[in-house]
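J.: First the structure, then my questions, so here it is.
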Amino acid sequence: MVFNFLKRKKEKKEITFPELEKWLDEDGNVIDILNKFKQKTETYFEQINEALNRIKENLIALKSVKLTDRKVNERIKLMVLQNRDVYVKYLEKLIAAIEKQTEKSNSLKEIEDFVVFTSTQLDNFSKQSFRNFHIMTELIGKESEIIVRDIKKINNVINKLQKIDKKEIKVIEDIKENIKDINRKKERNQSLIINLEKNQKKIADINDKIKDAEKKNEKIKKSDDWKKREMLAEKVSLLKKELAKNDVEAKALFLSIEKAIKKYAWKEKDKKLLDYIKNPIARLKEDKELKIVRTLEEIETDIKEGSIKLDKRTESRILKNIKVLSKEKLNEFLNKKEELKQNIQKFSVEVDSIKIVFISLTELNNKKDEITQEILKLEKMKKDFEQEIINRKNEIKVIIETIGGNLK
């Protein structure tokens, strides 16, 4: 978009961004446009203020009307005066609102807001006071007509303000607002850079602490106490595996004769016997007298006599495994378990007695991850700000070139 004022300069002056605001303030064409716009709008606002002052003066006269000299029914007089008072209140409210708004109407945006605000106020006033005004003017004409003329005057000036050519002034104000926005973004970007540097320093400090902790932990791992502790811990681990193996072997043997045990338990109505299948070692510990040995002998007899019926292959395998489950074998399972448990307990106590304190890296690594995420977030924000600044500068560059400048 090229306006008349933008065509006046032939030679383009090179301007750096820091010089731009000063250049706009000192450029003859820009100053001329701003002054003309300011003079025109100030003239309009003077006309509005003059009209408001006249309305306030004429309100005094309107409020002082008594109607004592009018030969009209008293009830009608009273009704007219009451509507006059309501109209006056609406008008005083309108004046106060417009006066307050004129105090802060300097920039183009403020003037545009003023036009919208005052137009709305005038429209609302007209609707609210319409009935009161017409009843009032039945007996009070002269005083009210003078006020109406000034209200119309204000309305006409508002229409002129609305129609005033704002294209050139808007270009200038947009450039200035863009400059302010860029400067704000630069300040924010600088703050982001400072925060990034602080967080990067924190990461460096944490990395140093992690390295130091890792060195100390490595030194601990080379100590005699650590080696001894590791050796004992390995013993405990092997003993636990052997304990588990002992339990598995015992269970495997009882599972191998499961069919016979179930048939015998059903025949003798002894459900507790099934516990030998679920957890044989635990059940053996409860069976202090190892009565299971006698039970296994009875199962063997019942199989041989045909009381417990099994197919030949299964019968042969179960009879063979019942022979394995001798009293000696069952005691072997129990004694081995007890011995292993005692050794596990003994070596575990020794392990615990060797106090080795490693420096925990969890908290440091968590803090490092947290700061790393913050750095990524800040870097993205910084990149976005920098891109926004570039975009804004490019927008300004295009406009400045049309004005007669060359933004470097």
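Numbering starts fresh at 1 for the residues of each chain in the structure tokens, the chains themselves are lettered A, B, ... in the order given, and ligands are numbered from 1 as they appear.
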Extract, using only C-alpha atoms, all DNA, RNA and protein residues at most 9 Å from region 240-242 of chain A, discarding same-chain residues fewer than 3 positions from it, and format them as a list in words.
T.: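 Surrounding residues, per the criterion: Lys235, Val236, Ser237, Lys245, Asn246, Asp247, Lys337, Leu340, Lys341 and Ile344 of chain A.
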J.: Could you list, as a ChimeraX atom specification, every residue within 12 Å of region 366-381 of chain A, counting only C-alpha atoms and ignoring same-chain residues fewer than 3 positions away?
T.: /A:185,188-210,360-363,384-388
J.: As a tab-separated table (two decimals) with N, CA and C atoms, in the first residue's frame, please: all residues of region 281-332 of chain A that backbone DSSP puts in helix (DSSP H, G or I).
T.:
```tsv
chain	number	residue	atom	x	y	z
A	281	ILE	N	7.91	-79.32	51.47
A	281	ILE	CA	8.86	-78.99	52.54
A	281	ILE	C	8.13	-78.39	53.74
A	282	ALA	N	7.22	-77.47	53.47
A	282	ALA	CA	6.46	-76.83	54.56
A	282	ALA	C	5.64	-77.88	55.32
A	283	ARG	N	5.02	-78.82	54.55
A	283	ARG	CA	4.20	-79.86	55.19
A	283	ARG	C	5.08	-80.84	55.97
A	284	LEU	N	6.27	-81.12	55.46
A	284	LEU	CA	7.18	-82.02	56.16
A	284	LEU	C	7.62	-81.44	57.50
A	285	LYS	N	7.82	-80.10	57.53
A	285	LYS	CA	8.21	-79.45	58.78
A	285	LYS	C	7.13	-79.59	59.84
A	286	GLU	N	5.86	-79.57	59.38
A	286	GLU	CA	4.75	-79.74	60.34
A	286	GLU	C	4.64	-81.20	60.81
A	292	ILE	N	4.23	-89.33	57.11
A	292	ILE	CA	4.08	-89.48	55.66
A	292	ILE	C	4.78	-90.74	55.15
A	293	VAL	N	5.84	-91.15	55.90
A	293	VAL	CA	6.58	-92.36	55.49
A	293	VAL	C	5.66	-93.57	55.56
A	294	ARG	N	4.91	-93.68	56.67
A	294	ARG	CA	3.94	-94.77	56.84
A	294	ARG	C	2.84	-94.68	55.79
A	295	THR	N	2.41	-93.44	55.50
A	295	THR	CA	1.34	-93.24	54.50
A	295	THR	C	1.83	-93.69	53.13
A	296	LEU	N	3.06	-93.38	52.80
A	296	LEU	CA	3.61	-93.78	51.50
A	296	LEU	C	3.70	-95.31	51.39
A	297	GLU	N	4.02	-95.97	52.53
A	297	GLU	CA	4.06	-97.44	52.54
A	297	GLU	C	2.67	-98.01	52.26
A	298	GLU	N	1.64	-97.39	52.87
A	298	GLU	CA	0.25	-97.84	52.68
A	298	GLU	C	-0.17	-97.63	51.23
A	299	ILE	N	0.24	-96.49	50.64
A	299	ILE	CA	-0.08	-96.22	49.23
A	299	ILE	C	0.56	-97.29	48.36
A	300	GLU	N	1.82	-97.65	48.69
A	300	GLU	CA	2.54	-98.66	47.92
A	300	GLU	C	1.80	-100.00	47.98
A	301	THR	N	1.34	-100.35	49.21
A	301	THR	CA	0.60	-101.61	49.41
A	301	THR	C	-0.70	-101.58	48.61
A	302	ASP	N	-1.45	-100.48	48.69
A	302	ASP	CA	-2.74	-100.37	47.98
A	302	ASP	C	-2.55	-100.48	46.47
A	303	ILE	N	-1.47	-99.96	45.98
A	303	ILE	CA	-1.20	-100.06	44.53
A	303	ILE	C	-0.94	-101.51	44.15
A	304	LYS	N	-0.13	-102.16	44.96
A	304	LYS	CA	0.22	-103.54	44.67
A	304	LYS	C	-0.99	-104.47	44.80
A	305	GLU	N	-1.87	-104.16	45.77
A	305	GLU	CA	-3.05	-105.01	45.99
A	305	GLU	C	-4.21	-104.64	45.08
A	312	LYS	N	-0.37	-99.53	33.97
A	312	LYS	CA	0.88	-100.22	34.27
A	312	LYS	C	2.10	-99.28	34.26
A	313	ARG	N	2.13	-98.42	33.25
A	313	ARG	CA	3.29	-97.53	33.12
A	313	ARG	C	3.38	-96.56	34.30
A	314	THR	N	2.19	-95.96	34.66
A	314	THR	CA	2.15	-95.00	35.76
A	314	THR	C	2.43	-95.71	37.08
A	315	GLU	N	1.87	-96.90	37.21
A	315	GLU	CA	2.05	-97.67	38.45
A	315	GLU	C	3.53	-97.96	38.69
A	316	SER	N	4.23	-98.34	37.64
A	316	SER	CA	5.65	-98.65	37.76
A	316	SER	C	6.45	-97.41	38.19
A	317	ARG	N	6.15	-96.28	37.55
A	317	ARG	CA	6.88	-95.04	37.86
A	317	ARG	C	6.61	-94.59	39.28
A	318	ILE	N	5.35	-94.64	39.74
A	318	ILE	CA	5.00	-94.18	41.08
A	318	ILE	C	5.63	-95.09	42.14
A	319	LEU	N	5.60	-96.40	41.95
A	319	LEU	CA	6.19	-97.32	42.92
A	319	LEU	C	7.70	-97.07	43.06
A	320	LYS	N	8.33	-96.77	41.90
A	320	LYS	CA	9.75	-96.48	41.91
A	320	LYS	C	10.06	-95.22	42.72
A	321	ASN	N	9.23	-94.16	42.52
A	321	ASN	CA	9.46	-92.88	43.19
A	321	ASN	C	9.09	-92.92	44.67
A	322	ILE	N	8.13	-93.79	45.03
A	322	ILE	CA	7.80	-93.94	46.45
A	322	ILE	C	9.01	-94.50	47.19
A	323	LYS	N	9.74	-95.42	46.53
A	323	LYS	CA	10.95	-95.98	47.13
A	323	LYS	C	12.00	-94.89	47.38
A	324	VAL	N	12.05	-93.90	46.45
A	324	VAL	CA	13.01	-92.79	46.58
A	324	VAL	C	12.65	-91.94	47.80
A	327	LYS	N	12.52	-92.24	54.41
A	327	LYS	CA	12.65	-91.36	55.57
A	327	LYS	C	13.96	-90.60	55.48
A	328	GLU	N	15.02	-91.28	55.06
A	328	GLU	CA	16.33	-90.65	54.95
A	328	GLU	C	16.30	-89.50	53.93
A	329	LYS	N	15.61	-89.75	52.79
A	329	LYS	CA	15.55	-88.72	51.74
A	329	LYS	C	14.76	-87.51	52.22
A	330	LEU	N	13.65	-87.77	52.92
A	330	LEU	CA	12.82	-86.66	53.42
A	330	LEU	C	13.60	-85.84	54.45
A	331	ASN	N	14.33	-86.54	55.33
A	331	ASN	CA	15.16	-85.83	56.32
A	331	ASN	C	16.27	-85.04	55.62
A	332	GLU	N	16.76	-85.62	54.53
A	332	GLU	CA	17.80	-84.92	53.76
A	332	GLU	C	17.27	-83.57	53.24
```
J.: Can you work out the spacing between CA of Asn217 (chain A) and CA of Ile359 (chain A) in Å, to one decimal?
T.: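 Between CA of Asn217 (chain A) and CA of Ile359 (chain A) the gap is 6.6 Å.
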J.: Within 12 Å of region 95-102 of chain A, which residues of region 132-233 of chain A come that close, and what is the closest atom pair and distance in Å for each? Count only C-alpha atoms and give it as CSV.
T.:
```
residue,atom,partner,partner_atom,distance
A:Ile147,CA,A:Ile95,CA,11.8
A:Asp150,CA,A:Ile95,CA,11.5
A:Ile151,CA,A:Ile95,CA,9.9
A:Ile154,CA,A:Ile98,CA,10.1
A:Asn155,CA,A:Ile98,CA,11.6
A:Ile158,CA,A:Ile98,CA,11.3
```
J.: Okay, now the selection with N, CA and C atoms, as an mmCIF file, in the first residue's frame?
T.:
```
data_model
loop_
_atom_site.group_PDB
_atom_site.id
_atom_site.type_symbol
_atom_site.label_atom_id
_atom_site.label_comp_id
_atom_site.auth_asym_id
_atom_site.auth_seq_id
_atom_site.Cartn_x
_atom_site.Cartn_y
_atom_site.Cartn_z
ATOM 1 N N ILE A 147 -30.110 23.074 23.868
ATOM 2 C CA ILE A 147 -29.293 21.900 24.260
ATOM 3 C C ILE A 147 -29.238 20.881 23.136
ATOM 4 N N ASP A 150 -26.643 21.547 20.467
ATOM 5 C CA ASP A 150 -25.261 21.187 20.819
ATOM 6 C C ASP A 150 -25.041 19.679 20.850
ATOM 7 N N ILE A 151 -26.076 18.941 21.210
ATOM 8 C CA ILE A 151 -25.951 17.471 21.166
ATOM 9 C C ILE A 151 -25.758 17.027 19.722
ATOM 10 N N ILE A 154 -22.236 17.771 18.643
ATOM 11 C CA ILE A 154 -21.299 16.725 19.096
ATOM 12 C C ILE A 154 -21.395 15.505 18.180
ATOM 13 N N ASN A 155 -22.616 15.138 17.857
ATOM 14 C CA ASN A 155 -22.833 13.980 16.992
ATOM 15 C C ASN A 155 -22.212 14.191 15.620
ATOM 16 N N ILE A 158 -18.439 13.866 15.886
ATOM 17 C CA ILE A 158 -18.094 12.442 16.011
ATOM 18 C C ILE A 158 -18.087 11.794 14.628
#
```
J.: Report as a VMD selection string all protein, DNA and RNA residues lying within 9 Å of Lys393 (chain A), evaluated on only C-alpha atoms, omitting residues in the same chain fewer than 6 positions from it.
T.: chain A and resid 17 178 to 179 182 407
J.: Find the distance between CA of Arg70 (chain A) and CA of Gly141 (chain A) and write it in Å to one decimal.
T.: 12.8 Å
J.: Using only C-alpha atoms, which protein or nucleic acid residues come within 8 Å of Pro280 (chain A)? Drop anything in the same chain fewer than 4 positions from it, and give the result as a list in words.
T.: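 Close residues of Pro280 (chain A): Asp247, Ala250, Lys251, Phe254, Asp275, Tyr276 and Leu284 of chain A.
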J.: Mind pulling up the distance from CA of Arg149 (chain A) to CA of Gln47 (chain A)?
T.: 12.9 Å
J.: Which one of A:Phe133, A:Thr118, A:Val65, A:Glu103 sits closest to Tyr90 (chain A) if you count only C-alpha atoms?
T.: A:Phe133
